[in-house]
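The data block below is run.cif; it holds mmCIF, N, CA and C atoms.
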```cif
data_data
loop_
_atom_site.label_atom_id
_atom_site.label_comp_id
_atom_site.auth_asym_id
_atom_site.auth_seq_id
_atom_site.Cartn_x
_atom_site.Cartn_y
_atom_site.Cartn_z
N MET A 1 0.83 -1.19 0.00
CA MET A 1 0.00 0.00 0.00
C MET A 1 0.87 1.25 0.00
N PHE A 2 1.97 1.21 0.74
CA PHE A 2 2.83 2.38 0.84
C PHE A 2 3.45 2.73 -0.50
N LEU A 3 3.94 1.73 -1.24
CA LEU A 3 4.60 2.01 -2.52
C LEU A 3 3.64 2.53 -3.57
N THR A 4 2.36 2.22 -3.45
CA THR A 4 1.42 2.70 -4.45
C THR A 4 1.18 4.19 -4.36
N LEU A 5 1.42 4.79 -3.22
CA LEU A 5 1.20 6.22 -3.05
C LEU A 5 2.49 7.04 -3.08
N CYS A 6 3.62 6.42 -3.32
CA CYS A 6 4.88 7.15 -3.32
C CYS A 6 4.99 8.12 -4.49
N TRP A 7 4.45 7.79 -5.65
CA TRP A 7 4.49 8.72 -6.78
C TRP A 7 3.68 9.97 -6.47
N PHE A 8 2.58 9.77 -5.74
CA PHE A 8 1.74 10.88 -5.30
C PHE A 8 2.55 11.81 -4.39
N TYR A 9 3.27 11.23 -3.46
CA TYR A 9 4.09 12.00 -2.54
C TYR A 9 5.24 12.68 -3.26
N ALA A 10 5.82 12.04 -4.26
CA ALA A 10 6.92 12.64 -5.01
C ALA A 10 6.46 13.87 -5.78
N ILE A 11 5.24 13.84 -6.33
CA ILE A 11 4.71 15.01 -7.02
C ILE A 11 4.47 16.13 -6.02
N LEU A 12 3.89 15.81 -4.87
CA LEU A 12 3.67 16.83 -3.84
C LEU A 12 4.98 17.43 -3.35
N ARG A 13 5.99 16.59 -3.22
CA ARG A 13 7.27 17.05 -2.69
C ARG A 13 8.06 17.86 -3.71
N SER A 14 7.85 17.60 -4.99
CA SER A 14 8.65 18.28 -6.01
C SER A 14 8.13 19.68 -6.33
N ILE A 15 6.92 20.00 -5.90
CA ILE A 15 6.37 21.34 -6.14
C ILE A 15 6.43 22.11 -4.83
N PRO A 16 7.15 23.24 -4.80
CA PRO A 16 7.37 23.96 -3.54
C PRO A 16 6.08 24.51 -2.90
N ASN A 17 5.14 24.96 -3.69
CA ASN A 17 3.90 25.51 -3.18
C ASN A 17 2.93 24.37 -2.89
N LYS A 18 2.45 24.26 -1.65
CA LYS A 18 1.61 23.13 -1.26
C LYS A 18 0.27 23.14 -1.98
N ALA A 19 -0.34 24.30 -2.10
CA ALA A 19 -1.63 24.37 -2.79
C ALA A 19 -1.48 23.99 -4.26
N MET A 20 -0.41 24.45 -4.89
CA MET A 20 -0.17 24.10 -6.29
C MET A 20 0.12 22.61 -6.43
N GLY A 21 0.79 22.02 -5.46
CA GLY A 21 1.06 20.58 -5.49
C GLY A 21 -0.24 19.78 -5.44
N VAL A 22 -1.17 20.20 -4.59
CA VAL A 22 -2.46 19.51 -4.50
C VAL A 22 -3.22 19.67 -5.81
N ILE A 23 -3.17 20.86 -6.41
CA ILE A 23 -3.83 21.09 -7.69
C ILE A 23 -3.22 20.20 -8.77
N MET A 24 -1.89 20.06 -8.76
CA MET A 24 -1.23 19.21 -9.76
C MET A 24 -1.61 17.74 -9.58
N VAL A 25 -1.72 17.28 -8.36
CA VAL A 25 -2.13 15.89 -8.13
C VAL A 25 -3.57 15.69 -8.60
N LEU A 26 -4.43 16.65 -8.33
CA LEU A 26 -5.80 16.56 -8.83
C LEU A 26 -5.83 16.58 -10.35
N LEU A 27 -4.95 17.37 -10.97
CA LEU A 27 -4.86 17.41 -12.42
C LEU A 27 -4.41 16.05 -12.98
N VAL A 28 -3.51 15.37 -12.27
CA VAL A 28 -3.09 14.04 -12.69
C VAL A 28 -4.28 13.08 -12.67
N PHE A 29 -5.06 13.12 -11.59
CA PHE A 29 -6.21 12.23 -11.51
C PHE A 29 -7.26 12.55 -12.56
N VAL A 30 -7.50 13.83 -12.80
CA VAL A 30 -8.46 14.22 -13.84
C VAL A 30 -7.95 13.77 -15.22
N SER A 31 -6.65 13.90 -15.45
CA SER A 31 -6.08 13.47 -16.73
C SER A 31 -6.19 11.96 -16.90
N LEU A 32 -5.93 11.22 -15.84
CA LEU A 32 -6.03 9.76 -15.93
C LEU A 32 -7.47 9.30 -16.15
N ILE A 33 -8.42 9.99 -15.52
CA ILE A 33 -9.82 9.62 -15.70
C ILE A 33 -10.29 9.98 -17.10
N SER A 34 -9.77 11.06 -17.66
CA SER A 34 -10.23 11.51 -18.98
C SER A 34 -9.49 10.84 -20.14
N MET A 35 -8.51 10.01 -19.87
CA MET A 35 -7.75 9.37 -20.94
C MET A 35 -8.61 8.58 -21.94
N PRO A 36 -9.58 7.79 -21.52
CA PRO A 36 -10.38 7.08 -22.52
C PRO A 36 -11.18 8.01 -23.43
N PHE A 37 -11.55 9.17 -22.91
CA PHE A 37 -12.33 10.10 -23.71
C PHE A 37 -11.46 10.93 -24.65
N LEU A 38 -10.17 11.07 -24.33
CA LEU A 38 -9.26 11.82 -25.18
C LEU A 38 -8.77 11.00 -26.36
N SER A 39 -8.86 9.71 -26.27
CA SER A 39 -8.40 8.86 -27.35
C SER A 39 -9.41 8.86 -28.48
N SER A 40 -9.00 9.41 -29.61
CA SER A 40 -9.89 9.45 -30.77
C SER A 40 -9.35 8.58 -31.90
N THR A 41 -8.59 7.58 -31.53
CA THR A 41 -7.98 6.73 -32.54
C THR A 41 -9.00 5.74 -33.11
N HIS A 42 -8.83 5.43 -34.38
CA HIS A 42 -9.70 4.48 -35.05
C HIS A 42 -9.00 3.14 -35.24
N ILE A 43 -7.87 2.99 -34.61
CA ILE A 43 -7.08 1.77 -34.75
C ILE A 43 -7.50 0.81 -33.65
N GLY A 44 -7.88 -0.39 -34.03
CA GLY A 44 -8.39 -1.34 -33.06
C GLY A 44 -7.32 -1.97 -32.20
N SER A 45 -6.23 -2.33 -32.78
CA SER A 45 -5.20 -3.07 -32.07
C SER A 45 -4.04 -2.17 -31.66
N PRO A 46 -3.55 -2.30 -30.44
CA PRO A 46 -2.38 -1.51 -30.04
C PRO A 46 -1.11 -1.97 -30.75
N LYS A 47 -1.20 -3.09 -31.45
CA LYS A 47 -0.05 -3.59 -32.19
C LYS A 47 0.37 -2.60 -33.29
N PHE A 48 -0.59 -1.86 -33.81
CA PHE A 48 -0.32 -0.92 -34.89
C PHE A 48 -0.10 0.50 -34.39
N ARG A 49 -0.15 0.70 -33.10
CA ARG A 49 0.06 2.02 -32.51
C ARG A 49 1.44 2.04 -31.86
N VAL A 50 2.46 2.05 -32.68
CA VAL A 50 3.83 1.91 -32.21
C VAL A 50 4.26 3.11 -31.35
N LEU A 51 3.90 4.31 -31.77
CA LEU A 51 4.29 5.50 -31.02
C LEU A 51 3.65 5.51 -29.63
N SER A 52 2.37 5.18 -29.58
CA SER A 52 1.68 5.15 -28.29
C SER A 52 2.24 4.07 -27.38
N GLU A 53 2.62 2.95 -27.98
CA GLU A 53 3.20 1.86 -27.18
C GLU A 53 4.52 2.29 -26.54
N ARG A 54 5.36 2.95 -27.33
CA ARG A 54 6.65 3.41 -26.80
C ARG A 54 6.46 4.46 -25.70
N LEU A 55 5.56 5.39 -25.93
CA LEU A 55 5.33 6.43 -24.93
C LEU A 55 4.62 5.88 -23.69
N PHE A 56 3.83 4.83 -23.86
CA PHE A 56 3.21 4.20 -22.69
C PHE A 56 4.28 3.59 -21.79
N PHE A 57 5.27 2.94 -22.39
CA PHE A 57 6.34 2.37 -21.56
C PHE A 57 7.19 3.46 -20.92
N LEU A 58 7.34 4.59 -21.59
CA LEU A 58 8.01 5.74 -20.97
C LEU A 58 7.18 6.25 -19.78
N PHE A 59 5.87 6.27 -19.93
CA PHE A 59 4.97 6.66 -18.85
C PHE A 59 5.09 5.72 -17.65
N VAL A 60 5.12 4.42 -17.91
CA VAL A 60 5.25 3.44 -16.83
C VAL A 60 6.60 3.58 -16.14
N ALA A 61 7.66 3.79 -16.92
CA ALA A 61 8.99 3.97 -16.33
C ALA A 61 9.04 5.26 -15.50
N ASP A 62 8.38 6.30 -15.97
CA ASP A 62 8.34 7.56 -15.24
C ASP A 62 7.59 7.39 -13.92
N LEU A 63 6.48 6.66 -13.93
CA LEU A 63 5.76 6.40 -12.68
C LEU A 63 6.59 5.55 -11.72
N ALA A 64 7.32 4.59 -12.26
CA ALA A 64 8.19 3.76 -11.41
C ALA A 64 9.29 4.61 -10.78
N LEU A 65 9.86 5.50 -11.58
CA LEU A 65 10.90 6.39 -11.05
C LEU A 65 10.32 7.36 -10.03
N LEU A 66 9.12 7.88 -10.28
CA LEU A 66 8.47 8.75 -9.29
C LEU A 66 8.18 8.00 -8.00
N THR A 67 7.79 6.74 -8.12
CA THR A 67 7.55 5.92 -6.93
C THR A 67 8.84 5.75 -6.14
N TRP A 68 9.93 5.50 -6.83
CA TRP A 68 11.21 5.34 -6.15
C TRP A 68 11.65 6.65 -5.49
N VAL A 69 11.46 7.77 -6.20
CA VAL A 69 11.84 9.08 -5.65
C VAL A 69 11.00 9.39 -4.41
N GLY A 70 9.72 9.04 -4.45
CA GLY A 70 8.86 9.29 -3.29
C GLY A 70 9.24 8.47 -2.08
N ALA A 71 9.87 7.32 -2.29
CA ALA A 71 10.28 6.47 -1.17
C ALA A 71 11.63 6.86 -0.59
N GLN A 72 12.39 7.69 -1.30
CA GLN A 72 13.72 8.08 -0.84
C GLN A 72 13.63 9.25 0.15
N GLU A 73 14.71 9.46 0.87
CA GLU A 73 14.74 10.60 1.79
C GLU A 73 14.88 11.90 0.99
N ILE A 74 14.55 13.00 1.63
CA ILE A 74 14.53 14.28 0.94
C ILE A 74 15.96 14.82 0.80
N LEU A 75 16.46 14.81 -0.41
CA LEU A 75 17.76 15.36 -0.75
C LEU A 75 17.56 16.28 -1.96
N ASP A 76 18.56 17.10 -2.25
CA ASP A 76 18.46 17.97 -3.42
C ASP A 76 18.34 17.16 -4.71
N ALA A 77 19.08 16.07 -4.79
CA ALA A 77 19.06 15.26 -6.01
C ALA A 77 17.69 14.60 -6.22
N THR A 78 17.08 14.11 -5.15
CA THR A 78 15.77 13.47 -5.32
C THR A 78 14.67 14.50 -5.60
N ILE A 79 14.82 15.70 -5.08
CA ILE A 79 13.84 16.74 -5.38
C ILE A 79 13.93 17.14 -6.84
N ILE A 80 15.14 17.32 -7.35
CA ILE A 80 15.31 17.68 -8.76
C ILE A 80 14.84 16.56 -9.67
N LEU A 81 15.17 15.32 -9.33
CA LEU A 81 14.71 14.17 -10.12
C LEU A 81 13.18 14.07 -10.10
N GLY A 82 12.60 14.34 -8.95
CA GLY A 82 11.14 14.34 -8.85
C GLY A 82 10.51 15.43 -9.69
N GLN A 83 11.14 16.61 -9.74
CA GLN A 83 10.63 17.70 -10.57
C GLN A 83 10.70 17.35 -12.05
N VAL A 84 11.81 16.75 -12.46
CA VAL A 84 11.95 16.36 -13.87
C VAL A 84 10.92 15.29 -14.22
N CYS A 85 10.76 14.30 -13.37
CA CYS A 85 9.78 13.24 -13.64
C CYS A 85 8.36 13.77 -13.62
N THR A 86 8.08 14.75 -12.77
CA THR A 86 6.75 15.35 -12.74
C THR A 86 6.47 16.10 -14.04
N VAL A 87 7.46 16.83 -14.55
CA VAL A 87 7.28 17.54 -15.82
C VAL A 87 7.05 16.54 -16.95
N ILE A 88 7.82 15.46 -16.96
CA ILE A 88 7.64 14.43 -18.01
C ILE A 88 6.24 13.81 -17.90
N LEU A 89 5.77 13.58 -16.70
CA LEU A 89 4.44 13.02 -16.50
C LEU A 89 3.36 13.94 -17.05
N PHE A 90 3.47 15.23 -16.77
CA PHE A 90 2.47 16.18 -17.26
C PHE A 90 2.57 16.38 -18.76
N ILE A 91 3.76 16.33 -19.30
CA ILE A 91 3.90 16.42 -20.77
C ILE A 91 3.21 15.23 -21.42
N TYR A 92 3.36 14.05 -20.85
CA TYR A 92 2.71 12.87 -21.41
C TYR A 92 1.19 12.98 -21.30
N LEU A 93 0.69 13.31 -20.11
CA LEU A 93 -0.75 13.29 -19.88
C LEU A 93 -1.49 14.42 -20.58
N VAL A 94 -0.90 15.61 -20.62
CA VAL A 94 -1.63 16.78 -21.12
C VAL A 94 -1.35 17.05 -22.60
N ILE A 95 -0.13 16.77 -23.06
CA ILE A 95 0.23 17.14 -24.43
C ILE A 95 0.38 15.91 -25.32
N ALA A 96 1.22 14.97 -24.94
CA ALA A 96 1.60 13.88 -25.83
C ALA A 96 0.45 12.90 -26.08
N TYR A 97 -0.28 12.51 -25.07
CA TYR A 97 -1.33 11.50 -25.26
C TYR A 97 -2.43 11.97 -26.20
N PRO A 98 -3.02 13.15 -25.99
CA PRO A 98 -4.05 13.58 -26.96
C PRO A 98 -3.49 13.81 -28.36
N PHE A 99 -2.29 14.36 -28.47
CA PHE A 99 -1.70 14.61 -29.78
C PHE A 99 -1.36 13.30 -30.50
N LEU A 100 -0.83 12.33 -29.78
CA LEU A 100 -0.49 11.05 -30.40
C LEU A 100 -1.73 10.32 -30.89
N SER A 101 -2.80 10.42 -30.16
CA SER A 101 -4.03 9.79 -30.61
C SER A 101 -4.47 10.39 -31.94
N TRP A 102 -4.42 11.70 -32.04
CA TRP A 102 -4.79 12.36 -33.30
C TRP A 102 -3.81 12.01 -34.41
N LEU A 103 -2.51 12.03 -34.11
CA LEU A 103 -1.48 11.75 -35.11
C LEU A 103 -1.59 10.33 -35.65
N GLU A 104 -1.76 9.36 -34.77
CA GLU A 104 -1.86 7.98 -35.22
C GLU A 104 -3.13 7.73 -36.02
N SER A 105 -4.22 8.36 -35.65
CA SER A 105 -5.44 8.24 -36.45
C SER A 105 -5.24 8.85 -37.83
N TYR A 106 -4.60 9.99 -37.87
CA TYR A 106 -4.34 10.67 -39.14
C TYR A 106 -3.45 9.82 -40.05
N LEU A 107 -2.36 9.29 -39.50
CA LEU A 107 -1.45 8.46 -40.28
C LEU A 107 -2.12 7.16 -40.73
N TYR A 108 -2.90 6.55 -39.85
CA TYR A 108 -3.57 5.30 -40.17
C TYR A 108 -4.61 5.50 -41.28
N LEU A 109 -5.42 6.54 -41.15
CA LEU A 109 -6.46 6.79 -42.15
C LEU A 109 -5.85 7.19 -43.49
N ASN A 110 -4.76 7.97 -43.47
CA ASN A 110 -4.09 8.32 -44.72
C ASN A 110 -3.46 7.11 -45.38
N SER A 111 -2.92 6.19 -44.60
CA SER A 111 -2.33 5.00 -45.20
C SER A 111 -3.42 4.12 -45.83
N ILE A 112 -4.60 4.08 -45.21
CA ILE A 112 -5.71 3.32 -45.80
C ILE A 112 -6.15 3.97 -47.10
N LYS A 113 -6.26 5.30 -47.12
CA LYS A 113 -6.67 6.02 -48.33
C LYS A 113 -5.66 5.81 -49.45
N MET A 114 -4.38 5.86 -49.10
CA MET A 114 -3.34 5.67 -50.12
C MET A 114 -3.37 4.23 -50.64
N ALA A 115 -3.61 3.28 -49.77
CA ALA A 115 -3.65 1.87 -50.19
C ALA A 115 -4.85 1.60 -51.08
N THR A 116 -5.99 2.18 -50.72
CA THR A 116 -7.18 1.95 -51.54
C THR A 116 -7.12 2.71 -52.86
N SER A 117 -6.54 3.89 -52.85
CA SER A 117 -6.41 4.64 -54.12
C SER A 117 -5.35 3.99 -55.02
N GLY A 118 -4.36 3.37 -54.46
CA GLY A 118 -3.35 2.66 -55.24
C GLY A 118 -3.93 1.43 -55.90
N ASN A 119 -4.87 0.75 -55.22
CA ASN A 119 -5.50 -0.45 -55.79
C ASN A 119 -6.47 -0.09 -56.92
N GLN A 120 -7.08 1.08 -56.84
CA GLN A 120 -8.03 1.48 -57.87
C GLN A 120 -7.34 1.87 -59.16
N LYS A 121 -6.14 2.36 -59.10
CA LYS A 121 -5.41 2.79 -60.30
C LYS A 121 -4.92 1.60 -61.13
N GLN A 122 -4.79 0.46 -60.51
CA GLN A 122 -4.26 -0.70 -61.22
C GLN A 122 -5.30 -1.28 -62.05
#
```
Could you show the structure in this file as structure tokens?
Amino acid sequence: MFLTLCWFYAILRSIPNKAMGVIMVLLVFVSLISMPFLSSTHIGSPKFRVLSERLFFLFVADLALLTWVGAQEILDATIILGQVCTVILFIYLVIAYPFLSWLESYLYLNSIKMATSGNQKQ
């Protein structure tokens, strides 16, 4: 139970303002809850979503690192590492995930259009 909340504590610890830290943690939860609604991809299998797969593993590694940072004692190095991991987490949740969903749908649909238009010319 303790290790599951360490990433939460690392985010709180990496932001100097306590109220802003609580707002950021709430933003993480809102982002995680809204993830299924932000995905506008038309691709059924994650096998064909290579970019999302790679960034998902980066997300998991970032959460693991945040969990480790939250379990460590408070040092300058762990605070800085926690701040960097928090920024990476927010970049993934707020910017990269919605954009990647749009990008992969765009690339997938264009590849289908190009494949079908190529078959019609023959």
Write out as number ranges by chain all residues of stretch 6-98 of chain A that DSSP puts in helix (DSSP H, G or I) for this structure's backbone. A: 6-14, 18-38, 46-48, 50-71, 76-98
Just give me the gap between atom CA of A:Asp62 and atom CA of A:Thr86 in Å, one decimal is fine. 8.3 Å
Distance in Å - atom CA of A:Val50 versus atom CA of A:Leu109: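 Those two atoms sit 15.1 Å apart.
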Using only C-alpha atoms, which residues sit within 10 Å of stretch 28-30 of chain A once same-chain residues fewer than 2 positions away are excluded, as JSON, numbers by chain? {"A": [8, 11, 22, 23, 24, 25, 26, 32, 33, 34, 35, 86, 89, 90, 93, 94]}
In Å, with one decimal, what is the gap from atom CA of A:Ile88 to atom CA of A:Tyr108? 26.5 Å
Would you kindly translate the PyMOL selection byres (((chain A and resi 10 and name CA) around 12) and name CA) into the concrete residues it picks from this file, as a CSV table (one decimal) with N, CA and C atoms, in the frame of the given file?
```csv
chain,number,residue,atom,x,y,z
A,3,LEU,N,3.9,1.7,-1.2
A,3,LEU,CA,4.6,2.0,-2.5
A,3,LEU,C,3.6,2.5,-3.6
A,4,THR,N,2.4,2.2,-3.4
A,4,THR,CA,1.4,2.7,-4.4
A,4,THR,C,1.2,4.2,-4.4
A,5,LEU,N,1.4,4.8,-3.2
A,5,LEU,CA,1.2,6.2,-3.0
A,5,LEU,C,2.5,7.0,-3.1
A,6,CYS,N,3.6,6.4,-3.3
A,6,CYS,CA,4.9,7.2,-3.3
A,6,CYS,C,5.0,8.1,-4.5
A,7,TRP,N,4.4,7.8,-5.6
A,7,TRP,CA,4.5,8.7,-6.8
A,7,TRP,C,3.7,10.0,-6.5
A,8,PHE,N,2.6,9.8,-5.7
A,8,PHE,CA,1.7,10.9,-5.3
A,8,PHE,C,2.6,11.8,-4.4
A,9,TYR,N,3.3,11.2,-3.5
A,9,TYR,CA,4.1,12.0,-2.5
A,9,TYR,C,5.2,12.7,-3.3
A,11,ILE,N,5.2,13.8,-6.3
A,11,ILE,CA,4.7,15.0,-7.0
A,11,ILE,C,4.5,16.1,-6.0
A,12,LEU,N,3.9,15.8,-4.9
A,12,LEU,CA,3.7,16.8,-3.8
A,12,LEU,C,5.0,17.4,-3.4
A,13,ARG,N,6.0,16.6,-3.2
A,13,ARG,CA,7.3,17.0,-2.7
A,13,ARG,C,8.1,17.9,-3.7
A,14,SER,N,7.8,17.6,-5.0
A,14,SER,CA,8.6,18.3,-6.0
A,14,SER,C,8.1,19.7,-6.3
A,15,ILE,N,6.9,20.0,-5.9
A,15,ILE,CA,6.4,21.3,-6.1
A,15,ILE,C,6.4,22.1,-4.8
A,16,PRO,N,7.2,23.2,-4.8
A,16,PRO,CA,7.4,24.0,-3.5
A,16,PRO,C,6.1,24.5,-2.9
A,21,GLY,N,0.8,22.0,-5.5
A,21,GLY,CA,1.1,20.6,-5.5
A,21,GLY,C,-0.2,19.8,-5.4
A,22,VAL,N,-1.2,20.2,-4.6
A,22,VAL,CA,-2.5,19.5,-4.5
A,22,VAL,C,-3.2,19.7,-5.8
A,24,MET,N,-1.9,20.1,-8.8
A,24,MET,CA,-1.2,19.2,-9.8
A,24,MET,C,-1.6,17.7,-9.6
A,25,VAL,N,-1.7,17.3,-8.4
A,25,VAL,CA,-2.1,15.9,-8.1
A,25,VAL,C,-3.6,15.7,-8.6
A,62,ASP,N,8.4,6.3,-16.0
A,62,ASP,CA,8.3,7.6,-15.2
A,62,ASP,C,7.6,7.4,-13.9
A,63,LEU,N,6.5,6.7,-13.9
A,63,LEU,CA,5.8,6.4,-12.7
A,63,LEU,C,6.6,5.6,-11.7
A,64,ALA,N,7.3,4.6,-12.3
A,64,ALA,CA,8.2,3.8,-11.4
A,64,ALA,C,9.3,4.6,-10.8
A,65,LEU,N,9.9,5.5,-11.6
A,65,LEU,CA,10.9,6.4,-11.0
A,65,LEU,C,10.3,7.4,-10.0
A,66,LEU,N,9.1,7.9,-10.3
A,66,LEU,CA,8.5,8.8,-9.3
A,66,LEU,C,8.2,8.0,-8.0
A,67,THR,N,7.8,6.7,-8.1
A,67,THR,CA,7.6,5.9,-6.9
A,67,THR,C,8.8,5.8,-6.1
A,68,TRP,N,9.9,5.5,-6.8
A,68,TRP,CA,11.2,5.3,-6.2
A,68,TRP,C,11.6,6.6,-5.5
A,69,VAL,N,11.5,7.8,-6.2
A,69,VAL,CA,11.8,9.1,-5.6
A,69,VAL,C,11.0,9.4,-4.4
A,70,GLY,N,9.7,9.0,-4.4
A,70,GLY,CA,8.9,9.3,-3.3
A,70,GLY,C,9.2,8.5,-2.1
A,71,ALA,N,9.9,7.3,-2.3
A,71,ALA,CA,10.3,6.5,-1.2
A,71,ALA,C,11.6,6.9,-0.6
A,72,GLN,N,12.4,7.7,-1.3
A,72,GLN,CA,13.7,8.1,-0.8
A,72,GLN,C,13.6,9.2,0.2
A,73,GLU,N,14.7,9.5,0.9
A,73,GLU,CA,14.7,10.6,1.8
A,73,GLU,C,14.9,11.9,1.0
A,74,ILE,N,14.6,13.0,1.6
A,74,ILE,CA,14.5,14.3,0.9
A,74,ILE,C,16.0,14.8,0.8
A,75,LEU,N,16.5,14.8,-0.4
A,75,LEU,CA,17.8,15.4,-0.8
A,75,LEU,C,17.6,16.3,-2.0
A,78,THR,N,17.1,14.1,-5.2
A,78,THR,CA,15.8,13.5,-5.3
A,78,THR,C,14.7,14.5,-5.6
A,79,ILE,N,14.8,15.7,-5.1
A,79,ILE,CA,13.8,16.7,-5.4
A,79,ILE,C,13.9,17.1,-6.8
A,80,ILE,N,15.1,17.3,-7.4
A,80,ILE,CA,15.3,17.7,-8.8
A,80,ILE,C,14.8,16.6,-9.7
A,81,LEU,N,15.2,15.3,-9.3
A,81,LEU,CA,14.7,14.2,-10.1
A,81,LEU,C,13.2,14.1,-10.1
A,82,GLY,N,12.6,14.3,-9.0
A,82,GLY,CA,11.1,14.3,-8.8
A,82,GLY,C,10.5,15.4,-9.7
A,83,GLN,N,11.1,16.6,-9.7
A,83,GLN,CA,10.6,17.7,-10.6
A,83,GLN,C,10.7,17.4,-12.0
A,84,VAL,N,11.8,16.8,-12.5
A,84,VAL,CA,12.0,16.4,-13.9
A,84,VAL,C,10.9,15.3,-14.2
A,85,CYS,N,10.8,14.3,-13.4
A,85,CYS,CA,9.8,13.2,-13.6
A,85,CYS,C,8.4,13.8,-13.6
A,86,THR,N,8.1,14.8,-12.8
A,86,THR,CA,6.8,15.4,-12.7
A,86,THR,C,6.5,16.1,-14.0
A,87,VAL,N,7.5,16.8,-14.6
A,87,VAL,CA,7.3,17.5,-15.8
A,87,VAL,C,7.0,16.5,-17.0
A,89,LEU,N,5.8,13.6,-16.7
A,89,LEU,CA,4.4,13.0,-16.5
A,89,LEU,C,3.4,13.9,-17.0
```
With only C-alpha atoms as the basis for distance, which of A:Ala77, A:Met114, A:Leu55, A:Leu38 is at the shortest distance from A:Trp102? A:Leu38
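With only C-alpha atoms as the basis for measurement, A:Ala96 is the residue among A:Glu104, A:Leu27, A:Phe37, A:Ala96 that approaches A:Phe59 most closely.
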Just write stretch 64-81 of chain A with N, CA and C atoms, as a compact mmCIF listing (two decimals), in the first residue's frame, taken from the block above.
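And here is the file that came out, part29.txt:
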```
# COMPACT_ATOMS: atom_id res chain seq x y z
N ALA A 64 7.32 4.59 -12.26
CA ALA A 64 8.19 3.76 -11.41
C ALA A 64 9.29 4.61 -10.78
N LEU A 65 9.86 5.50 -11.58
CA LEU A 65 10.90 6.39 -11.05
C LEU A 65 10.32 7.36 -10.03
N LEU A 66 9.12 7.88 -10.28
CA LEU A 66 8.47 8.75 -9.29
C LEU A 66 8.18 8.00 -8.00
N THR A 67 7.79 6.74 -8.12
CA THR A 67 7.55 5.92 -6.93
C THR A 67 8.84 5.75 -6.14
N TRP A 68 9.93 5.50 -6.83
CA TRP A 68 11.21 5.34 -6.15
C TRP A 68 11.65 6.65 -5.49
N VAL A 69 11.46 7.77 -6.20
CA VAL A 69 11.84 9.08 -5.65
C VAL A 69 11.00 9.39 -4.41
N GLY A 70 9.72 9.04 -4.45
CA GLY A 70 8.86 9.29 -3.29
C GLY A 70 9.24 8.47 -2.08
N ALA A 71 9.87 7.32 -2.29
CA ALA A 71 10.28 6.47 -1.17
C ALA A 71 11.63 6.86 -0.59
N GLN A 72 12.39 7.69 -1.30
CA GLN A 72 13.72 8.08 -0.84
C GLN A 72 13.63 9.25 0.15
N GLU A 73 14.71 9.46 0.87
CA GLU A 73 14.74 10.60 1.79
C GLU A 73 14.88 11.90 0.99
N ILE A 74 14.55 13.00 1.63
CA ILE A 74 14.53 14.28 0.94
C ILE A 74 15.96 14.82 0.80
N LEU A 75 16.46 14.81 -0.41
CA LEU A 75 17.76 15.36 -0.75
C LEU A 75 17.56 16.28 -1.96
N ASP A 76 18.56 17.10 -2.25
CA ASP A 76 18.46 17.97 -3.42
C ASP A 76 18.34 17.16 -4.71
N ALA A 77 19.08 16.07 -4.79
CA ALA A 77 19.06 15.26 -6.01
C ALA A 77 17.69 14.60 -6.22
N THR A 78 17.08 14.11 -5.15
CA THR A 78 15.77 13.47 -5.32
C THR A 78 14.67 14.50 -5.60
N ILE A 79 14.82 15.70 -5.08
CA ILE A 79 13.84 16.74 -5.38
C ILE A 79 13.93 17.14 -6.84
N ILE A 80 15.14 17.32 -7.35
CA ILE A 80 15.31 17.68 -8.76
C ILE A 80 14.84 16.56 -9.67
N LEU A 81 15.17 15.32 -9.33
CA LEU A 81 14.71 14.17 -10.12
C LEU A 81 13.18 14.07 -10.10
```
